[in-house]
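Below is one structure, written out as structure tokens, with a few remarks after it.
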Amino acid sequence: MRKLLFESLFQRPFTEAAPSLDDAAVAEIATALGERARRKLGRSLSIREVDAGSCNGCELEIHALSNPYYDIDRFGLRFVASPRHADVLLVTGPVTKNMADALKATYDATPSPKWVVALGDCAKDGGCFAGSYAVVGGVAQVIPVDLHIPGCPPPPLQILKGLLALLDQAASAPAPR
Amino acid sequence: MASLDELKLQGRRVTEHGPWPRLVVDAAHWSRATLELVAGRWSLLSLWGEADTVHMAMLEPQLGEAVVISLPCPSGSFPSVGMLHPPALRLERTIHDLFGLVPEGSPDPRPWLDRDQWGVRFPLGPRLPPSAPRGYQMLPVEGEGLHQIAVGPVHAGIIEPGHFRFTANGETVVRLEERLGYVHKGIDGLLIGADLERGAQLAGRVSGDSTVAYAIAFARAAEAALGITVPPRALWLRALCAELERLANHLGDIGGVCNDVAFALMLSHCSVLRENVLRAAERAFGHRLMRDVVVPGGVARDLDDTGKGSIRQMAKTVRQRFPELIELYDETASLQDRTVTTGRLSAELAQQYAAGGYVGRASGRDFDARRDLAYPPYDQLRFKVPVLSEGDVNARVWIRIREVKQSIGLIEQMLSELPDGEWRVPLPATLAPAEGVALVEGFRGDVLAWLRLKDGVIARCHLRDPSWFQWPLLEAAIEGNIVADFPVCNKSFNCSYSGVDL
Ligand code: SF4
């Protein structure tokens, strides 16, 4: 184990080649995002994820944001365990009727000011699950949504871009909720 | 009655069903088939309903033969299988929630998916107006010094919603009871009347991490129904996607298990390798999770040399990096201390529940649909199926470790031996009834797809996630462990919520 730890200290552990275009874009966007969060909130941005009926595909890509390629922690973006610590609710899924109450309760438990981001095609309007007896059909049917990030699932870079757009929008918008 | 052959003599065979036989039986034969499950001679593959019929798929593991039996229920009930064979219980509760059919004699009549929120009862059956909310009784627990801990549906991490009720004595878990159903989207209902294209899309969204496995299972069932043969290149490309999916998920899980015992270094390294797989998949197939790549009739896109190159490069990287991570896992005493003997699942339970994937194989159940049903191209590929008997978290990690190596080997074989030629054939337009079934090995275990086509659309489609037979075992495996070990046990099972909630 020591061997590997020492190696990790002295060499870049995984990037064989120069960072690809994607990695450069990630760094740029995430830096901008972190800066704007600090300007707007005076601190890092806390995000609480809520699965409101997703297929779990969106969660996989949210997880990817924490891998060393993206490592969004370093830009001051944190996923928090409780809605009470959150600035942003990142909601996935078409909102199943069985989750609608829990989503509403999570929203109510989040202190103001707060933003809601609906992530993924089915969070917008139910996507391919729209019309089912068991889904409400989109996050906005249950709680107010500030931004929608399309994709099925949106890749990590797309999620970062979306969060950046959210802060830009928030900066120019009237008082948040 | 001991063999499927004998059963075949007793039922009426449905000719439009393939590739396994489907037999319409009476209640007596239904009950006798249940006894075969109880005796352990056959394994339960699935149990599902229709408006006036129940179906049960079973496997004879020694011969690798499978059968579907169907029991008409004109009076709205059928003899409960779960009464004698507990693995069927949640499936029966689901049948009741969706269709209103009553499993007669079932020891657990509580609803499973329905929590009085849909505005309709029995949505795929008689569609009755909602009744007054019924409430839900968790199982009673009695004893001195017991306390309960309720967790969820919204959890602390970025995971799917579900409710866990722990009863503990001090730190030790005496009982865990799961309550799921929160992400029920009504996929069975959406599939009714859908065409095959939309059906494949929905199937690929049952459980996001297994999108390829589901798409293959759905496509194979549809192709069996239509009686069409898919070109070899398509079969190989599908398997290539399936192995990439297995690789990505296993890497994620190995890191995740280590992270749950506070060893974040492994998570970082594994998640880098996982990201490499996803990026290769994107370059090769245009989507990181390879969604909508597998379609009935073949694959939606061919693989070019650039794509091949990315996959080859990725495989090389994983081959190089993975051994040192395994060494790290194996030699870190603090890690082993948390995973060895934790969350033990007995071989008997794994067998009884016919648990698939790493859950079954870490507890001695030597089954892998790729080998035992030998669907192409796996009949032409060389690979081993690792099996262990310890049944603890550590064994479930080791099965994944070995499968990572096997998948790399399979990917390399497929890249070098990939047949040329067509990769998609058009689907015949047919209005006649046609039925098909398939069992496909996903990363988590075997995924079953069954469908009936009529008038050119899906009349009914049933998709069974491996987690149906793994979730109940998690309840057993956690017993006697400390509450703090639940996350790592849970991660080592990594059951799908969306896959069973549908
Ligand atoms: S948008 Fe797509 S990936 Fe995300 S939850 Fe919906 S179906 Fe799954």
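Labeling convention for the structure tokens: chains A, B, ... as they appear, residues from 1 per chain, ligands from 1 in order of appearance.
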task: Please identify the residues whose atoms come within 6 Å of ligand 1, using only C-alpha atoms and all ligand atoms, and report them as a list in words.
output: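 The residues near ligand 1 are Ser54, Cys55, Asn56, Gly57, Cys58, Thr92, Gly93, Gly120, Asp121, Cys122, Cys152 and Pro153 of chain A; Arg205 and Gly208 of chain B.
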How about saving the chosen residues, all heavy atoms kept, as a PDB file, in the first residue's frame?
```pdb
ATOM      1  N   SER A  54     -35.986   8.394 -10.513  1.00  0.00           N
ATOM      2  CA  SER A  54     -35.101   8.215 -11.663  1.00  0.00           C
ATOM      3  C   SER A  54     -34.831   6.741 -11.915  1.00  0.00           C
ATOM      4  O   SER A  54     -35.126   5.887 -11.080  1.00  0.00           O
ATOM      5  CB  SER A  54     -33.786   8.951 -11.419  1.00  0.00           C
ATOM      6  OG  SER A  54     -32.742   8.053 -11.158  1.00  0.00           O
ATOM      7  N   CYS A  55     -34.230   6.452 -13.082  1.00  0.00           N
ATOM      8  CA  CYS A  55     -33.834   5.078 -13.373  1.00  0.00           C
ATOM      9  C   CYS A  55     -32.456   4.819 -12.798  1.00  0.00           C
ATOM     10  O   CYS A  55     -31.894   3.765 -13.007  1.00  0.00           O
ATOM     11  CB  CYS A  55     -33.824   4.841 -14.871  1.00  0.00           C
ATOM     12  SG  CYS A  55     -32.393   5.561 -15.680  1.00  0.00           S
ATOM     13  N   ASN A  56     -31.897   5.809 -12.131  1.00  0.00           N
ATOM     14  CA  ASN A  56     -30.569   5.738 -11.530  1.00  0.00           C
ATOM     15  C   ASN A  56     -29.467   6.105 -12.522  1.00  0.00           C
ATOM     16  O   ASN A  56     -28.307   6.190 -12.155  1.00  0.00           O
ATOM     17  CB  ASN A  56     -30.296   4.348 -10.928  1.00  0.00           C
ATOM     18  CG  ASN A  56     -29.136   4.365  -9.954  1.00  0.00           C
ATOM     19  OD1 ASN A  56     -28.918   5.371  -9.295  1.00  0.00           O
ATOM     20  ND2 ASN A  56     -28.391   3.285  -9.869  1.00  0.00           N
ATOM     21  N   GLY A  57     -29.811   6.324 -13.781  1.00  0.00           N
ATOM     22  CA  GLY A  57     -28.813   6.737 -14.768  1.00  0.00           C
ATOM     23  C   GLY A  57     -28.272   8.117 -14.437  1.00  0.00           C
ATOM     24  O   GLY A  57     -27.060   8.360 -14.460  1.00  0.00           O
ATOM     25  N   CYS A  58     -29.173   9.033 -14.094  1.00  0.00           N
ATOM     26  CA  CYS A  58     -28.739  10.395 -13.763  1.00  0.00           C
ATOM     27  C   CYS A  58     -27.812  10.386 -12.548  1.00  0.00           C
ATOM     28  O   CYS A  58     -26.835  11.116 -12.498  1.00  0.00           O
ATOM     29  CB  CYS A  58     -29.950  11.298 -13.518  1.00  0.00           C
ATOM     30  SG  CYS A  58     -30.718  11.863 -15.050  1.00  0.00           S
ATOM     31  N   THR A  92     -33.823  14.464  -9.749  1.00  0.00           N
ATOM     32  CA  THR A  92     -33.893  13.617 -10.937  1.00  0.00           C
ATOM     33  C   THR A  92     -35.195  12.828 -10.951  1.00  0.00           C
ATOM     34  O   THR A  92     -35.839  12.677  -9.908  1.00  0.00           O
ATOM     35  CB  THR A  92     -32.747  12.589 -10.942  1.00  0.00           C
ATOM     36  OG1 THR A  92     -32.899  11.740  -9.799  1.00  0.00           O
ATOM     37  CG2 THR A  92     -31.387  13.251 -10.883  1.00  0.00           C
ATOM     38  N   GLY A  93     -35.540  12.324 -12.109  1.00  0.00           N
ATOM     39  CA  GLY A  93     -36.692  11.433 -12.224  1.00  0.00           C
ATOM     40  C   GLY A  93     -37.967  12.165 -12.602  1.00  0.00           C
ATOM     41  O   GLY A  93     -38.071  13.385 -12.475  1.00  0.00           O
ATOM     42  N   GLY A 120     -32.090  15.953 -16.117  1.00  0.00           N
ATOM     43  CA  GLY A 120     -32.440  14.818 -16.977  1.00  0.00           C
ATOM     44  C   GLY A 120     -33.767  15.012 -17.689  1.00  0.00           C
ATOM     45  O   GLY A 120     -34.633  15.763 -17.228  1.00  0.00           O
ATOM     46  N   ASP A 121     -33.921  14.302 -18.786  1.00  0.00           N
ATOM     47  CA  ASP A 121     -35.119  14.473 -19.616  1.00  0.00           C
ATOM     48  C   ASP A 121     -36.397  14.156 -18.867  1.00  0.00           C
ATOM     49  O   ASP A 121     -37.421  14.803 -19.062  1.00  0.00           O
ATOM     50  CB  ASP A 121     -35.024  13.578 -20.857  1.00  0.00           C
ATOM     51  CG  ASP A 121     -33.991  14.090 -21.847  1.00  0.00           C
ATOM     52  OD1 ASP A 121     -33.531  15.247 -21.668  1.00  0.00           O
ATOM     53  OD2 ASP A 121     -33.638  13.352 -22.783  1.00  0.00           O
ATOM     54  N   CYS A 122     -36.349  13.140 -18.002  1.00  0.00           N
ATOM     55  CA  CYS A 122     -37.628  12.782 -17.384  1.00  0.00           C
ATOM     56  C   CYS A 122     -37.988  13.705 -16.234  1.00  0.00           C
ATOM     57  O   CYS A 122     -39.144  13.792 -15.856  1.00  0.00           O
ATOM     58  CB  CYS A 122     -37.709  11.304 -17.033  1.00  0.00           C
ATOM     59  SG  CYS A 122     -36.593  10.717 -15.803  1.00  0.00           S
ATOM     60  N   CYS A 152     -30.121  12.319 -21.158  1.00  0.00           N
ATOM     61  CA  CYS A 152     -30.655  11.065 -20.609  1.00  0.00           C
ATOM     62  C   CYS A 152     -29.547  10.036 -20.516  1.00  0.00           C
ATOM     63  O   CYS A 152     -29.481   9.160 -21.335  1.00  0.00           O
ATOM     64  CB  CYS A 152     -31.804  10.551 -21.459  1.00  0.00           C
ATOM     65  SG  CYS A 152     -32.556   9.057 -20.798  1.00  0.00           S
ATOM     66  N   PRO A 153     -28.725  10.097 -19.502  1.00  0.00           N
ATOM     67  CA  PRO A 153     -28.563  11.194 -18.552  1.00  0.00           C
ATOM     68  C   PRO A 153     -27.637  12.259 -19.116  1.00  0.00           C
ATOM     69  O   PRO A 153     -26.850  11.964 -20.022  1.00  0.00           O
ATOM     70  CB  PRO A 153     -27.874  10.500 -17.369  1.00  0.00           C
ATOM     71  CG  PRO A 153     -27.070   9.399 -17.989  1.00  0.00           C
ATOM     72  CD  PRO A 153     -27.815   8.973 -19.210  1.00  0.00           C
TER      73      PRO A 153
ATOM     74  N   ARG B 205     -34.516   1.749 -19.732  1.00  0.00           N
ATOM     75  CA  ARG B 205     -34.599   2.739 -18.652  1.00  0.00           C
ATOM     76  C   ARG B 205     -35.228   2.165 -17.388  1.00  0.00           C
ATOM     77  O   ARG B 205     -35.705   2.904 -16.539  1.00  0.00           O
ATOM     78  CB  ARG B 205     -35.388   3.963 -19.147  1.00  0.00           C
ATOM     79  CG  ARG B 205     -34.521   4.855 -20.041  1.00  0.00           C
ATOM     80  CD  ARG B 205     -35.348   5.746 -20.941  1.00  0.00           C
ATOM     81  NE  ARG B 205     -34.492   6.560 -21.792  1.00  0.00           N
ATOM     82  CZ  ARG B 205     -33.880   6.120 -22.892  1.00  0.00           C
ATOM     83  NH1 ARG B 205     -34.016   4.865 -23.274  1.00  0.00           N
ATOM     84  NH2 ARG B 205     -33.115   6.915 -23.609  1.00  0.00           N
ATOM     85  N   GLY B 208     -30.929   2.174 -14.748  1.00  0.00           N
ATOM     86  CA  GLY B 208     -29.958   2.905 -15.568  1.00  0.00           C
ATOM     87  C   GLY B 208     -28.591   2.254 -15.663  1.00  0.00           C
ATOM     88  O   GLY B 208     -27.942   2.331 -16.711  1.00  0.00           O
TER      89      GLY B 208
END
```
task: Quick one: everything within 8 Å of Gly125 (chain B), counting only C-alpha atoms, minus sequence neighbours fewer than 2 positions away in the same chain. Send it as a count of residues only.
output: 8
message: What does the structure give for the distance between CA of Val299 (chain B) and CA of Ala215 (chain B), in Å to one decimal?
response: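 For CA of Val299 (chain B) relative to CA of Ala215 (chain B), the distance reads 10.0 Å.
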field: Within 9 Å of Cys241 (chain B) using only C-alpha atoms, minus same-chain residues under 4 positions, as a PyMOL selection string
entry: chain B and resi 212-213+236-237+245-246+281+285+290+293-294+411
message: I need the residues of region 240-377 of chain B that end up classed as strand (DSSP E) by DSSP on the backbone, written out as a list of chain:residue names.
response: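 Residues of region 240-377 of chain B classed as strand (DSSP E): B:Val294, B:Val295, B:Gly298, B:Val299.
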- prompt: Near chain B, which residues of chain A fall within 7 Å when you count only C-alpha atoms, and what do they look like as a ChimeraX atom specification?
  reply: /A:1,49,51-57,59,67-69,81-82,96-99,129,132-135
Could you find all residues in region 10-98 of chain A that DSSP calls alpha helix (DSSP H) from the backbone, and write them as a compact mmCIF listing (two decimals) with all heavy atoms, in the first residue's frame?
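Contents of states-v7.txt, as written:
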```txt
# COMPACT_ATOMS: atom_id res chain seq x y z
N PHE A 10 3.94 11.43 -5.79
CA PHE A 10 4.98 12.00 -6.64
C PHE A 10 4.65 12.05 -8.12
O PHE A 10 5.35 12.65 -8.90
CB PHE A 10 6.30 11.25 -6.42
CG PHE A 10 6.81 11.45 -5.03
CD1 PHE A 10 6.94 10.39 -4.14
CD2 PHE A 10 7.12 12.73 -4.58
CE1 PHE A 10 7.38 10.59 -2.85
CE2 PHE A 10 7.56 12.94 -3.28
CZ PHE A 10 7.70 11.87 -2.42
N LEU A 21 -9.52 17.96 -24.41
CA LEU A 21 -10.35 19.15 -24.49
C LEU A 21 -11.38 19.18 -23.38
O LEU A 21 -11.62 20.19 -22.74
CB LEU A 21 -11.06 19.16 -25.84
CG LEU A 21 -10.45 20.02 -26.93
CD1 LEU A 21 -11.35 20.02 -28.13
CD2 LEU A 21 -10.21 21.45 -26.42
N ASP A 22 -12.00 18.02 -23.20
CA ASP A 22 -13.04 17.89 -22.21
C ASP A 22 -12.55 18.29 -20.82
O ASP A 22 -13.22 19.01 -20.10
CB ASP A 22 -13.48 16.42 -22.13
CG ASP A 22 -14.93 16.29 -22.51
OD1 ASP A 22 -15.39 17.17 -23.27
OD2 ASP A 22 -15.56 15.33 -22.07
N ASP A 23 -11.36 17.80 -20.47
CA ASP A 23 -10.83 18.08 -19.14
C ASP A 23 -10.55 19.57 -18.98
O ASP A 23 -10.79 20.15 -17.92
CB ASP A 23 -9.56 17.26 -18.89
CG ASP A 23 -9.87 15.78 -18.84
OD1 ASP A 23 -10.98 15.43 -18.41
OD2 ASP A 23 -9.01 14.99 -19.26
N ALA A 24 -10.06 20.21 -20.04
CA ALA A 24 -9.81 21.64 -19.97
C ALA A 24 -11.12 22.38 -19.76
O ALA A 24 -11.22 23.29 -18.94
CB ALA A 24 -9.13 22.10 -21.27
N ALA A 25 -12.14 21.95 -20.49
CA ALA A 25 -13.45 22.59 -20.37
C ALA A 25 -13.99 22.42 -18.96
O ALA A 25 -14.56 23.34 -18.38
CB ALA A 25 -14.42 22.00 -21.39
N VAL A 26 -13.79 21.24 -18.40
CA VAL A 26 -14.27 20.98 -17.05
C VAL A 26 -13.64 21.96 -16.07
O VAL A 26 -14.32 22.61 -15.28
CB VAL A 26 -13.92 19.53 -16.60
CG1 VAL A 26 -14.15 19.37 -15.11
CG2 VAL A 26 -14.73 18.54 -17.38
N ALA A 27 -12.30 22.08 -16.17
CA ALA A 27 -11.59 22.95 -15.24
C ALA A 27 -12.11 24.38 -15.37
O ALA A 27 -12.38 25.06 -14.37
CB ALA A 27 -10.10 22.90 -15.52
N GLU A 28 -12.28 24.81 -16.61
CA GLU A 28 -12.71 26.19 -16.85
C GLU A 28 -14.11 26.44 -16.27
O GLU A 28 -14.33 27.40 -15.53
CB GLU A 28 -12.72 26.42 -18.36
CG GLU A 28 -12.86 27.86 -18.75
CD GLU A 28 -12.95 27.96 -20.27
OE1 GLU A 28 -12.13 27.30 -20.95
OE2 GLU A 28 -13.85 28.63 -20.75
N ILE A 29 -15.00 25.54 -16.58
CA ILE A 29 -16.37 25.73 -16.13
C ILE A 29 -16.49 25.63 -14.63
O ILE A 29 -17.14 26.44 -13.97
CB ILE A 29 -17.29 24.71 -16.81
CG1 ILE A 29 -17.43 25.08 -18.28
CG2 ILE A 29 -18.66 24.67 -16.16
CD1 ILE A 29 -18.22 24.10 -19.07
N ALA A 30 -15.82 24.63 -14.08
CA ALA A 30 -15.93 24.43 -12.65
C ALA A 30 -15.31 25.59 -11.87
O ALA A 30 -15.83 26.00 -10.84
CB ALA A 30 -15.28 23.11 -12.26
N THR A 31 -14.20 26.14 -12.40
CA THR A 31 -13.60 27.30 -11.73
C THR A 31 -14.58 28.47 -11.72
O THR A 31 -14.80 29.11 -10.69
CB THR A 31 -12.29 27.72 -12.44
OG1 THR A 31 -11.50 26.56 -12.61
CG2 THR A 31 -11.53 28.74 -11.64
N ALA A 32 -15.15 28.72 -12.89
CA ALA A 32 -16.11 29.82 -12.99
C ALA A 32 -17.26 29.61 -12.01
O ALA A 32 -17.71 30.53 -11.32
CB ALA A 32 -16.64 29.90 -14.42
N LEU A 33 -17.69 28.36 -11.94
CA LEU A 33 -18.81 28.02 -11.07
C LEU A 33 -18.47 28.29 -9.60
O LEU A 33 -19.23 28.93 -8.86
CB LEU A 33 -19.12 26.54 -11.28
CG LEU A 33 -20.37 25.94 -10.69
CD1 LEU A 33 -21.58 26.79 -11.01
CD2 LEU A 33 -20.57 24.54 -11.25
N GLY A 34 -17.28 27.84 -9.20
CA GLY A 34 -16.84 28.02 -7.82
C GLY A 34 -16.74 29.51 -7.48
O GLY A 34 -17.21 29.95 -6.43
N GLU A 35 -16.16 30.28 -8.41
CA GLU A 35 -16.00 31.72 -8.17
C GLU A 35 -17.35 32.39 -8.00
O GLU A 35 -17.57 33.20 -7.11
CB GLU A 35 -15.26 32.36 -9.34
CG GLU A 35 -13.77 32.43 -9.10
CD GLU A 35 -13.03 32.75 -10.38
OE1 GLU A 35 -13.67 33.28 -11.32
OE2 GLU A 35 -11.83 32.45 -10.43
N ARG A 36 -18.24 32.04 -8.91
CA ARG A 36 -19.54 32.69 -8.84
C ARG A 36 -20.31 32.32 -7.57
O ARG A 36 -21.01 33.15 -7.02
CB ARG A 36 -20.36 32.36 -10.09
CG ARG A 36 -20.56 33.62 -10.91
CD ARG A 36 -20.85 33.36 -12.34
NE ARG A 36 -19.60 33.13 -13.06
CZ ARG A 36 -19.54 33.06 -14.39
NH1 ARG A 36 -20.64 33.16 -15.09
NH2 ARG A 36 -18.39 32.88 -14.99
N ALA A 37 -20.13 31.08 -7.16
CA ALA A 37 -20.78 30.67 -5.91
C ALA A 37 -20.25 31.50 -4.76
O ALA A 37 -21.00 31.98 -3.91
CB ALA A 37 -20.55 29.19 -5.65
N ARG A 38 -18.94 31.70 -4.76
CA ARG A 38 -18.36 32.47 -3.66
C ARG A 38 -18.83 33.91 -3.68
O ARG A 38 -19.14 34.52 -2.67
CB ARG A 38 -16.83 32.39 -3.71
CG ARG A 38 -16.29 31.27 -2.82
CD ARG A 38 -14.78 31.31 -2.70
NE ARG A 38 -14.13 31.05 -3.98
CZ ARG A 38 -13.95 29.83 -4.47
NH1 ARG A 38 -14.36 28.77 -3.80
NH2 ARG A 38 -13.37 29.66 -5.63
N ARG A 39 -18.92 34.47 -4.91
CA ARG A 39 -19.36 35.86 -5.00
C ARG A 39 -20.81 35.98 -4.54
O ARG A 39 -21.20 36.88 -3.83
CB ARG A 39 -19.20 36.37 -6.44
CG ARG A 39 -18.87 37.84 -6.46
CD ARG A 39 -18.61 38.36 -7.87
NE ARG A 39 -17.82 37.48 -8.71
CZ ARG A 39 -18.11 37.23 -9.99
NH1 ARG A 39 -19.19 37.73 -10.54
NH2 ARG A 39 -17.33 36.45 -10.71
N LYS A 40 -21.60 35.04 -5.00
CA LYS A 40 -23.03 35.12 -4.73
C LYS A 40 -23.37 34.75 -3.28
O LYS A 40 -24.20 35.39 -2.65
CB LYS A 40 -23.73 34.16 -5.70
CG LYS A 40 -25.23 34.14 -5.60
CD LYS A 40 -25.83 35.29 -6.40
CE LYS A 40 -27.32 35.38 -6.12
NZ LYS A 40 -27.83 36.71 -6.04
N LEU A 41 -22.72 33.69 -2.81
CA LEU A 41 -23.10 33.18 -1.48
C LEU A 41 -22.05 33.48 -0.42
O LEU A 41 -22.30 33.32 0.76
CB LEU A 41 -23.27 31.66 -1.54
CG LEU A 41 -24.29 31.10 -2.51
CD1 LEU A 41 -24.05 29.62 -2.72
CD2 LEU A 41 -25.69 31.32 -1.97
N GLY A 57 -29.81 6.32 -13.78
CA GLY A 57 -28.81 6.74 -14.77
C GLY A 57 -28.27 8.12 -14.44
O GLY A 57 -27.06 8.36 -14.46
N CYS A 58 -29.17 9.03 -14.09
CA CYS A 58 -28.74 10.39 -13.76
C CYS A 58 -27.81 10.39 -12.55
O CYS A 58 -26.84 11.12 -12.50
CB CYS A 58 -29.95 11.30 -13.52
SG CYS A 58 -30.72 11.86 -15.05
N GLU A 59 -28.11 9.54 -11.57
CA GLU A 59 -27.28 9.47 -10.36
C GLU A 59 -25.85 9.02 -10.71
O GLU A 59 -24.89 9.49 -10.13
CB GLU A 59 -27.87 8.50 -9.33
CG GLU A 59 -28.96 9.08 -8.47
CD GLU A 59 -30.20 9.44 -9.26
OE1 GLU A 59 -30.43 8.84 -10.33
OE2 GLU A 59 -30.94 10.32 -8.82
N LEU A 60 -25.75 8.11 -11.67
CA LEU A 60 -24.41 7.62 -12.04
C LEU A 60 -23.55 8.78 -12.53
O LEU A 60 -22.37 8.89 -12.20
CB LEU A 60 -24.51 6.56 -13.14
CG LEU A 60 -25.19 5.25 -12.74
CD1 LEU A 60 -25.28 4.33 -13.95
CD2 LEU A 60 -24.43 4.56 -11.61
N GLU A 61 -24.15 9.68 -13.30
CA GLU A 61 -23.36 10.79 -13.83
C GLU A 61 -23.12 11.87 -12.78
O GLU A 61 -22.13 12.58 -12.83
CB GLU A 61 -24.05 11.36 -15.08
CG GLU A 61 -24.05 10.39 -16.28
CD GLU A 61 -22.65 10.02 -16.78
OE1 GLU A 61 -21.81 9.61 -15.97
OE2 GLU A 61 -22.42 10.14 -18.01
N ILE A 62 -24.03 12.00 -11.83
CA ILE A 62 -23.77 12.93 -10.72
C ILE A 62 -22.59 12.40 -9.89
O ILE A 62 -21.71 13.16 -9.50
CB ILE A 62 -25.02 13.09 -9.83
CG1 ILE A 62 -26.16 13.72 -10.65
CG2 ILE A 62 -24.72 13.94 -8.61
CD1 ILE A 62 -27.50 13.75 -9.93
N HIS A 63 -22.58 11.09 -9.69
CA HIS A 63 -21.45 10.48 -8.99
C HIS A 63 -20.14 10.75 -9.71
O HIS A 63 -19.11 11.00 -9.09
CB HIS A 63 -21.64 8.96 -8.91
CG HIS A 63 -22.35 8.52 -7.67
ND1 HIS A 63 -21.76 8.62 -6.43
CD2 HIS A 63 -23.58 7.99 -7.48
CE1 HIS A 63 -22.61 8.17 -5.53
NE2 HIS A 63 -23.72 7.79 -6.13
N ALA A 64 -20.20 10.69 -11.03
CA ALA A 64 -18.97 10.86 -11.81
C ALA A 64 -18.34 12.22 -11.55
O ALA A 64 -17.12 12.38 -11.66
CB ALA A 64 -19.27 10.67 -13.31
N LYS A 97 -45.55 9.27 -8.15
CA LYS A 97 -46.54 9.68 -7.15
C LYS A 97 -46.12 9.22 -5.76
O LYS A 97 -46.40 9.87 -4.77
CB LYS A 97 -47.92 9.12 -7.53
CG LYS A 97 -48.45 9.80 -8.78
CD LYS A 97 -49.92 9.56 -9.02
CE LYS A 97 -50.35 10.31 -10.28
NZ LYS A 97 -51.60 9.77 -10.85
N ASN A 98 -45.40 8.09 -5.71
CA ASN A 98 -44.94 7.58 -4.42
C ASN A 98 -43.81 8.42 -3.83
O ASN A 98 -43.46 8.24 -2.67
CB ASN A 98 -44.48 6.12 -4.56
CG ASN A 98 -45.66 5.18 -4.74
OD1 ASN A 98 -46.81 5.57 -4.58
ND2 ASN A 98 -45.38 3.92 -5.08
```
message: Between A:Ile72, A:Leu167, A:Val95, A:Val88, which residue has the minimum interatomic distance to Val136 (chain A), considering only C-alpha atoms?
response: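 Checking each candidate against Val136 (chain A), we get A:Val95 as the closest.
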Residue with smallest distance to Ala27 (chain B) - pool B:Arg41, B:His55, B:Arg175, B:Arg319, counting only C-alpha atoms: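 Nearest candidate to Ala27 (chain B) out of B:Arg41, B:His55, B:Arg175, B:Arg319: B:His55.
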field: All residues 12 Å or closer to region 142-148 of chain A, only C-alpha atoms, same chain fewer than 6 positions away omitted, as a ChimeraX atom specification
entry: /A:52,88-97,99-108,110,114-125,135-136,154,158-159,161-170,173,176-177
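CA of Ile228 (chain B) lies 7.8 Å from CA of Leu427 (chain B).
What separates CA of Arg365 (chain B) from CA of Ile399 (chain B) is a distance of 11.9 Å.
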message: Set the distance at 7 Å and use only C-alpha atoms: which residues neighbour Leu45 (chain A) once local chain neighbours fewer than 5 positions away are removed? I'd like the list as an MDAnalysis selection string.
response: chainID A and resid 37 76:78 87
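With only C-alpha atoms taken into account, the protein and nucleic acid residues at most 9 Å from Leu23 (chain B) (excluding it and anything under 4 positions from it in its own chain) are Leu7, Lys8, Gln10, Gly11, Arg12, Arg13, Val14, Val67, Val68, Ile69, Ser70 and Leu71 of chain B.
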